[in-house]
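So this one's model06.cif, mmCIF, C-alpha atoms:
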```cif
data_my_file
#
loop_
_atom_site.label_atom_id
_atom_site.label_comp_id
_atom_site.auth_asym_id
_atom_site.auth_seq_id
_atom_site.Cartn_x
_atom_site.Cartn_y
_atom_site.Cartn_z
CA MET N 1 82.48 2.46 -185.18
CA GLU N 2 83.25 -0.96 -183.74
CA THR N 3 80.38 -3.41 -183.57
CA THR N 4 80.31 -6.50 -181.38
CA PHE N 5 77.63 -9.14 -181.06
CA ASP N 6 78.08 -10.58 -177.58
CA MET N 7 74.31 -11.07 -177.59
CA PHE N 8 74.89 -14.39 -179.34
CA ILE N 9 77.06 -15.79 -176.55
CA GLU N 10 75.16 -18.19 -174.29
CA THR N 11 76.25 -19.01 -170.77
CA GLU N 12 75.23 -22.51 -169.73
CA VAL N 13 73.66 -22.86 -166.29
CA PRO N 14 75.43 -25.65 -164.37
CA GLU N 15 73.34 -28.79 -163.80
CA ASP N 16 74.34 -29.12 -160.16
CA GLU N 17 73.66 -25.58 -158.93
CA LEU N 18 70.59 -23.45 -158.31
CA ILE N 19 70.33 -19.74 -158.99
CA VAL N 20 68.59 -18.00 -156.09
CA SER N 21 67.44 -14.42 -155.62
CA ARG N 22 64.97 -12.50 -153.50
CA THR N 23 63.24 -9.21 -154.23
CA ASP N 24 61.02 -6.79 -152.38
CA PHE N 25 57.45 -6.34 -153.61
CA THR N 26 58.54 -3.67 -156.12
CA GLY N 27 61.00 -6.07 -157.79
CA LYS N 28 64.20 -4.62 -156.28
CA ILE N 29 66.81 -7.29 -155.56
CA THR N 30 67.47 -7.90 -151.85
CA TYR N 31 69.60 -11.06 -152.11
CA VAL N 32 71.47 -13.12 -154.72
CA ASN N 33 73.53 -16.24 -154.26
CA GLU N 34 77.02 -16.53 -155.75
CA THR N 35 75.74 -18.70 -158.61
CA PHE N 36 73.28 -15.97 -159.66
CA ALA N 37 76.07 -13.39 -159.65
CA GLU N 38 78.46 -15.62 -161.58
CA ILE N 39 75.93 -16.65 -164.26
CA SER N 40 74.63 -13.08 -164.73
CA GLY N 41 78.14 -11.60 -164.92
CA TYR N 42 77.48 -9.11 -162.11
CA THR N 43 78.85 -8.97 -158.60
CA PRO N 44 76.33 -9.33 -155.77
CA GLU N 45 77.00 -5.68 -154.87
CA GLU N 46 76.07 -4.55 -158.40
CA LEU N 47 72.74 -6.40 -158.16
CA ILE N 48 71.50 -5.66 -154.64
CA GLY N 49 69.05 -2.73 -154.73
CA LYS N 50 68.64 -2.85 -158.52
CA PRO N 51 65.35 -3.75 -160.19
CA HIS N 52 65.35 -7.45 -161.10
CA ASN N 53 64.55 -6.51 -164.69
CA VAL N 54 68.19 -5.37 -165.08
CA ILE N 55 68.63 -8.92 -166.42
CA ARG N 56 65.50 -8.92 -168.62
CA HIS N 57 66.43 -10.03 -172.12
CA PRO N 58 64.75 -8.08 -174.96
CA ASP N 59 63.56 -11.40 -176.46
CA MET N 60 61.20 -11.89 -173.50
CA PRO N 61 57.60 -10.89 -174.25
CA LYS N 62 56.10 -8.38 -171.83
CA SER N 63 53.05 -10.59 -171.33
CA ALA N 64 55.20 -13.29 -169.70
CA PHE N 65 56.08 -10.88 -166.90
CA GLU N 66 52.54 -9.49 -166.66
CA GLU N 67 51.33 -13.04 -166.01
CA MET N 68 54.16 -13.62 -163.52
CA TRP N 69 53.28 -10.51 -161.47
CA ALA N 70 49.55 -11.29 -161.54
CA THR N 71 50.24 -14.84 -160.30
CA LEU N 72 52.51 -13.64 -157.49
CA LYS N 73 50.05 -10.95 -156.38
CA ARG N 74 47.39 -13.67 -156.03
CA GLY N 75 49.80 -15.43 -153.63
CA GLU N 76 50.39 -18.30 -156.04
CA VAL N 77 53.64 -19.87 -157.23
CA TRP N 78 54.70 -18.84 -160.75
CA GLU N 79 56.77 -21.18 -162.91
CA GLY N 80 58.15 -20.46 -166.34
CA TYR N 81 61.03 -20.38 -168.78
CA VAL N 82 63.04 -17.18 -168.87
CA LYS N 83 65.82 -15.92 -171.13
CA ASN N 84 67.97 -13.54 -169.09
CA LEU N 85 70.45 -10.89 -170.18
CA ARG N 86 73.99 -11.00 -168.80
CA LYS N 87 76.00 -7.90 -167.94
CA ASP N 88 78.18 -8.52 -171.04
CA LYS N 89 74.96 -8.68 -173.17
CA GLY N 90 75.21 -12.46 -173.54
CA TYR N 91 72.32 -14.54 -172.27
CA TYR N 92 71.28 -17.60 -170.31
CA TRP N 93 68.07 -19.64 -170.04
CA VAL N 94 66.48 -20.81 -166.79
CA PHE N 95 63.36 -22.52 -165.54
CA ALA N 96 62.19 -20.28 -162.69
CA ARG N 97 59.91 -20.91 -159.72
CA MET N 98 58.86 -17.76 -157.91
CA SER N 99 56.90 -17.55 -154.69
CA THR N 100 56.10 -15.29 -151.76
CA VAL N 101 58.22 -15.61 -148.64
CA ILE N 102 56.07 -15.64 -145.49
CA LYS N 103 57.51 -14.70 -142.09
CA ASP N 104 55.41 -14.65 -138.92
CA GLY N 105 52.32 -15.19 -141.07
CA LYS N 106 52.96 -12.14 -143.25
CA PRO N 107 54.31 -11.87 -146.81
CA VAL N 108 57.71 -10.14 -146.74
CA GLU N 109 59.31 -10.64 -150.17
CA TYR N 110 59.51 -12.82 -153.28
CA LYS N 111 61.97 -15.67 -153.78
CA SER N 112 63.04 -17.15 -157.10
CA VAL N 113 64.88 -20.43 -157.58
CA ARG N 114 66.09 -21.20 -161.07
CA GLU N 115 67.57 -24.24 -162.76
CA PRO N 116 69.00 -25.22 -166.18
CA VAL N 117 66.93 -25.74 -169.32
CA SER N 118 67.46 -28.42 -171.99
CA ARG N 119 68.57 -27.39 -175.47
CA GLU N 120 65.28 -28.62 -176.96
CA LYS N 121 63.23 -26.56 -174.49
CA LYS N 122 65.34 -23.44 -175.19
CA ILE N 123 64.60 -23.76 -178.92
CA GLU N 124 60.89 -24.35 -178.25
CA MET N 125 60.65 -21.35 -175.92
CA GLN N 126 62.67 -19.03 -178.19
CA ASN N 127 60.28 -19.83 -181.04
CA LEU N 128 57.25 -19.31 -178.80
CA TYR N 129 58.56 -16.01 -177.40
CA ASP N 130 59.45 -14.76 -180.90
CA LYS N 131 55.86 -15.52 -182.00
CA MET N 132 54.39 -13.85 -178.89
CA ARG N 133 56.46 -10.68 -179.39
CA ALA N 134 55.47 -10.52 -183.05
CA GLU N 135 51.76 -10.90 -182.23
CA GLU N 136 51.57 -8.85 -179.02
CA GLU N 137 54.18 -6.16 -179.54
CA GLY N 138 54.57 -5.98 -183.30
CA GLN N 139 58.30 -6.71 -183.01
CA THR N 140 60.30 -9.39 -184.78
CA ARG N 141 63.79 -10.59 -183.89
CA VAL N 142 66.04 -10.44 -186.98
CA VAL N 143 69.61 -11.46 -187.71
CA LEU N 144 70.79 -9.56 -190.75
CA TYR N 145 73.80 -10.01 -193.00
CA ILE N 146 74.88 -6.93 -194.92
CA ASP N 147 77.55 -6.37 -197.54
CA ASN N 148 80.67 -4.82 -195.93
CA GLU N 149 80.74 -1.97 -198.47
CA LYS N 150 77.16 -0.99 -197.61
CA LEU N 151 78.05 -1.13 -193.91
CA LYS N 152 81.02 1.18 -194.47
CA GLU N 153 78.77 3.59 -196.36
CA ALA N 154 76.24 3.52 -193.51
CA GLU N 155 78.95 4.12 -190.93
CA GLY N 156 80.16 7.08 -192.97
CA LEU N 157 76.67 8.59 -192.88
CA GLU N 158 76.58 8.45 -189.07
CA GLN N 159 79.60 10.71 -188.64
#
```
File written out as structure tokens:
Amino acid sequence: METTFDMFIETEVPEDELIVSRTDFTGKITYVNETFAEISGYTPEELIGKPHNVIRHPDMPKSAFEEMWATLKRGEVWEGYVKNLRKDKGYYWVFARMSTVIKDGKPVEYKSVREPVSREKKIEMQNLYDKMRAEEEGQTRVVLYIDNEKLKEAEGLEQ
């Protein structure tokens, strides 16, 4: 069994570019710009038609998205910090602004524009989200070091 930990690899969002996507009202992606595709590690074709939560990082508390959906359904703009999951299981942080797109006086879809986050804010938000997940979901993020011999024994048990 080969184990890799790409989940610890962060992709930095460029300072001079915005990540843009649009979704239908069920959360399926209808548009992504090239920056979104590049940062997420997917091609635009792999993303279009998929639920936007394909990039949801497991560190994100469910309540953050519950609040986001409630805000959008009220027709208000939602803003927040989001840790996203890349295709290669790495991650990237963004500050997102989501709103309803109105055409001819009618809501037609949601648009999200995202920008980079400072290192200090990433640390603050990771700590907050870890606390929220522990309190709300009874889950705690853990990094564990284990003796190689014990790991070999455990791998032998799996076979």
- prompt: Expressed in Å to a single decimal, how great is the separation between atom CA of Phe95 of chain N and atom CA of Glu79 of chain N?
  reply: 7.2 Å
- prompt: Which residues, written as a list in words, have at least one atom at most 8 Å from Phe36 of chain N, with all atoms listed in the file counted and residues fewer than 3 positions away on the same chain left out?
  reply: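 The contact residues come out as Ile19, Val20, Ser21, Val32, Asn33, Ile39 and Ser40 of chain N.
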Dump of C-alpha atoms for the selected residues, as a compact mmCIF listing (two decimals), in the frame of the given file:
```txt
# COMPACT_ATOMS: atom_id res chain seq x y z
CA ILE N 19 70.33 -19.74 -158.99
CA VAL N 20 68.59 -18.00 -156.09
CA SER N 21 67.44 -14.42 -155.62
CA VAL N 32 71.47 -13.12 -154.72
CA ASN N 33 73.53 -16.24 -154.26
CA ILE N 39 75.93 -16.65 -164.26
CA SER N 40 74.63 -13.08 -164.73
```
task: Could you tell me which residues the PyMOL selection byres ((chain N and resi 129-145) around 7) returns for this structure, as a PyMOL selection string?
output: chain N and resi 59-61+125-128+146-147
task: Name the closest residue to Leu47 of chain N among the candidates N:Ile29, N:Val13, N:Val108, N:Leu157; distances are taken between atoms, counting only C-alpha atoms.
output: N:Ile29
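Take atom CA of Lys73 of chain N and atom CA of Lys111 of chain N: the distance between them is 13.1 Å.
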- prompt: What is the distance between atom CA of Ile123 of chain N and atom CA of Ala37 of chain N, in Å to one decimal?
  reply: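 The value is 24.7 Å.
Nearest to Glu12 of chain N of all the residues N:Glu76, N:Glu115, N:Glu45, N:Asp24 is N:Glu115, counting only C-alpha atoms.
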All residues 12 Å or closer to Thr11 of chain N, all atoms listed in the file, same chain fewer than 5 positions away omitted, as a compact mmCIF listing (two decimals) with C-alpha atoms, keeping the file's coordinate frame:
```
# COMPACT_ATOMS: atom_id res chain seq x y z
CA ASP N 6 78.08 -10.58 -177.58
CA PHE N 36 73.28 -15.97 -159.66
CA GLU N 38 78.46 -15.62 -161.58
CA ILE N 39 75.93 -16.65 -164.26
CA SER N 40 74.63 -13.08 -164.73
CA GLY N 41 78.14 -11.60 -164.92
CA LYS N 83 65.82 -15.92 -171.13
CA ASN N 84 67.97 -13.54 -169.09
CA LEU N 85 70.45 -10.89 -170.18
CA ARG N 86 73.99 -11.00 -168.80
CA LYS N 87 76.00 -7.90 -167.94
CA ASP N 88 78.18 -8.52 -171.04
CA LYS N 89 74.96 -8.68 -173.17
CA GLY N 90 75.21 -12.46 -173.54
CA TYR N 91 72.32 -14.54 -172.27
CA TYR N 92 71.28 -17.60 -170.31
CA TRP N 93 68.07 -19.64 -170.04
CA VAL N 94 66.48 -20.81 -166.79
CA PRO N 116 69.00 -25.22 -166.18
CA VAL N 117 66.93 -25.74 -169.32
```
Identify, on the basis of all atoms listed in the file, every residue whose closest approach to Thr71 of chain N does not exceed 12 Å; exclude the query and any residue fewer than 4 positions from it along the same chain; express the result as a compact mmCIF listing (two decimals) with C-alpha atoms, in the coordinates of the input.
```
# COMPACT_ATOMS: atom_id res chain seq x y z
CA ALA N 64 55.20 -13.29 -169.70
CA PHE N 65 56.08 -10.88 -166.90
CA GLU N 66 52.54 -9.49 -166.66
CA GLU N 67 51.33 -13.04 -166.01
CA GLY N 75 49.80 -15.43 -153.63
CA GLU N 76 50.39 -18.30 -156.04
CA VAL N 77 53.64 -19.87 -157.23
CA TRP N 78 54.70 -18.84 -160.75
CA GLU N 79 56.77 -21.18 -162.91
CA GLY N 80 58.15 -20.46 -166.34
CA ARG N 97 59.91 -20.91 -159.72
CA MET N 98 58.86 -17.76 -157.91
CA SER N 99 56.90 -17.55 -154.69
CA THR N 100 56.10 -15.29 -151.76
CA TYR N 110 59.51 -12.82 -153.28
```
task: Find, counting only C-alpha atoms, the residue in N:Gly105, N:Arg119, N:Lys28, N:Lys150 that gets nearest to Glu10 of chain N.
output: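 Checking each candidate against Glu10 of chain N, we get N:Arg119 as the closest.
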message: My list of candidates is N:Lys62, N:Ala70, N:Ser112, N:Arg22. Which is closest to Lys50 of chain N when distances are computed with all atoms listed in the file?
response: N:Arg22
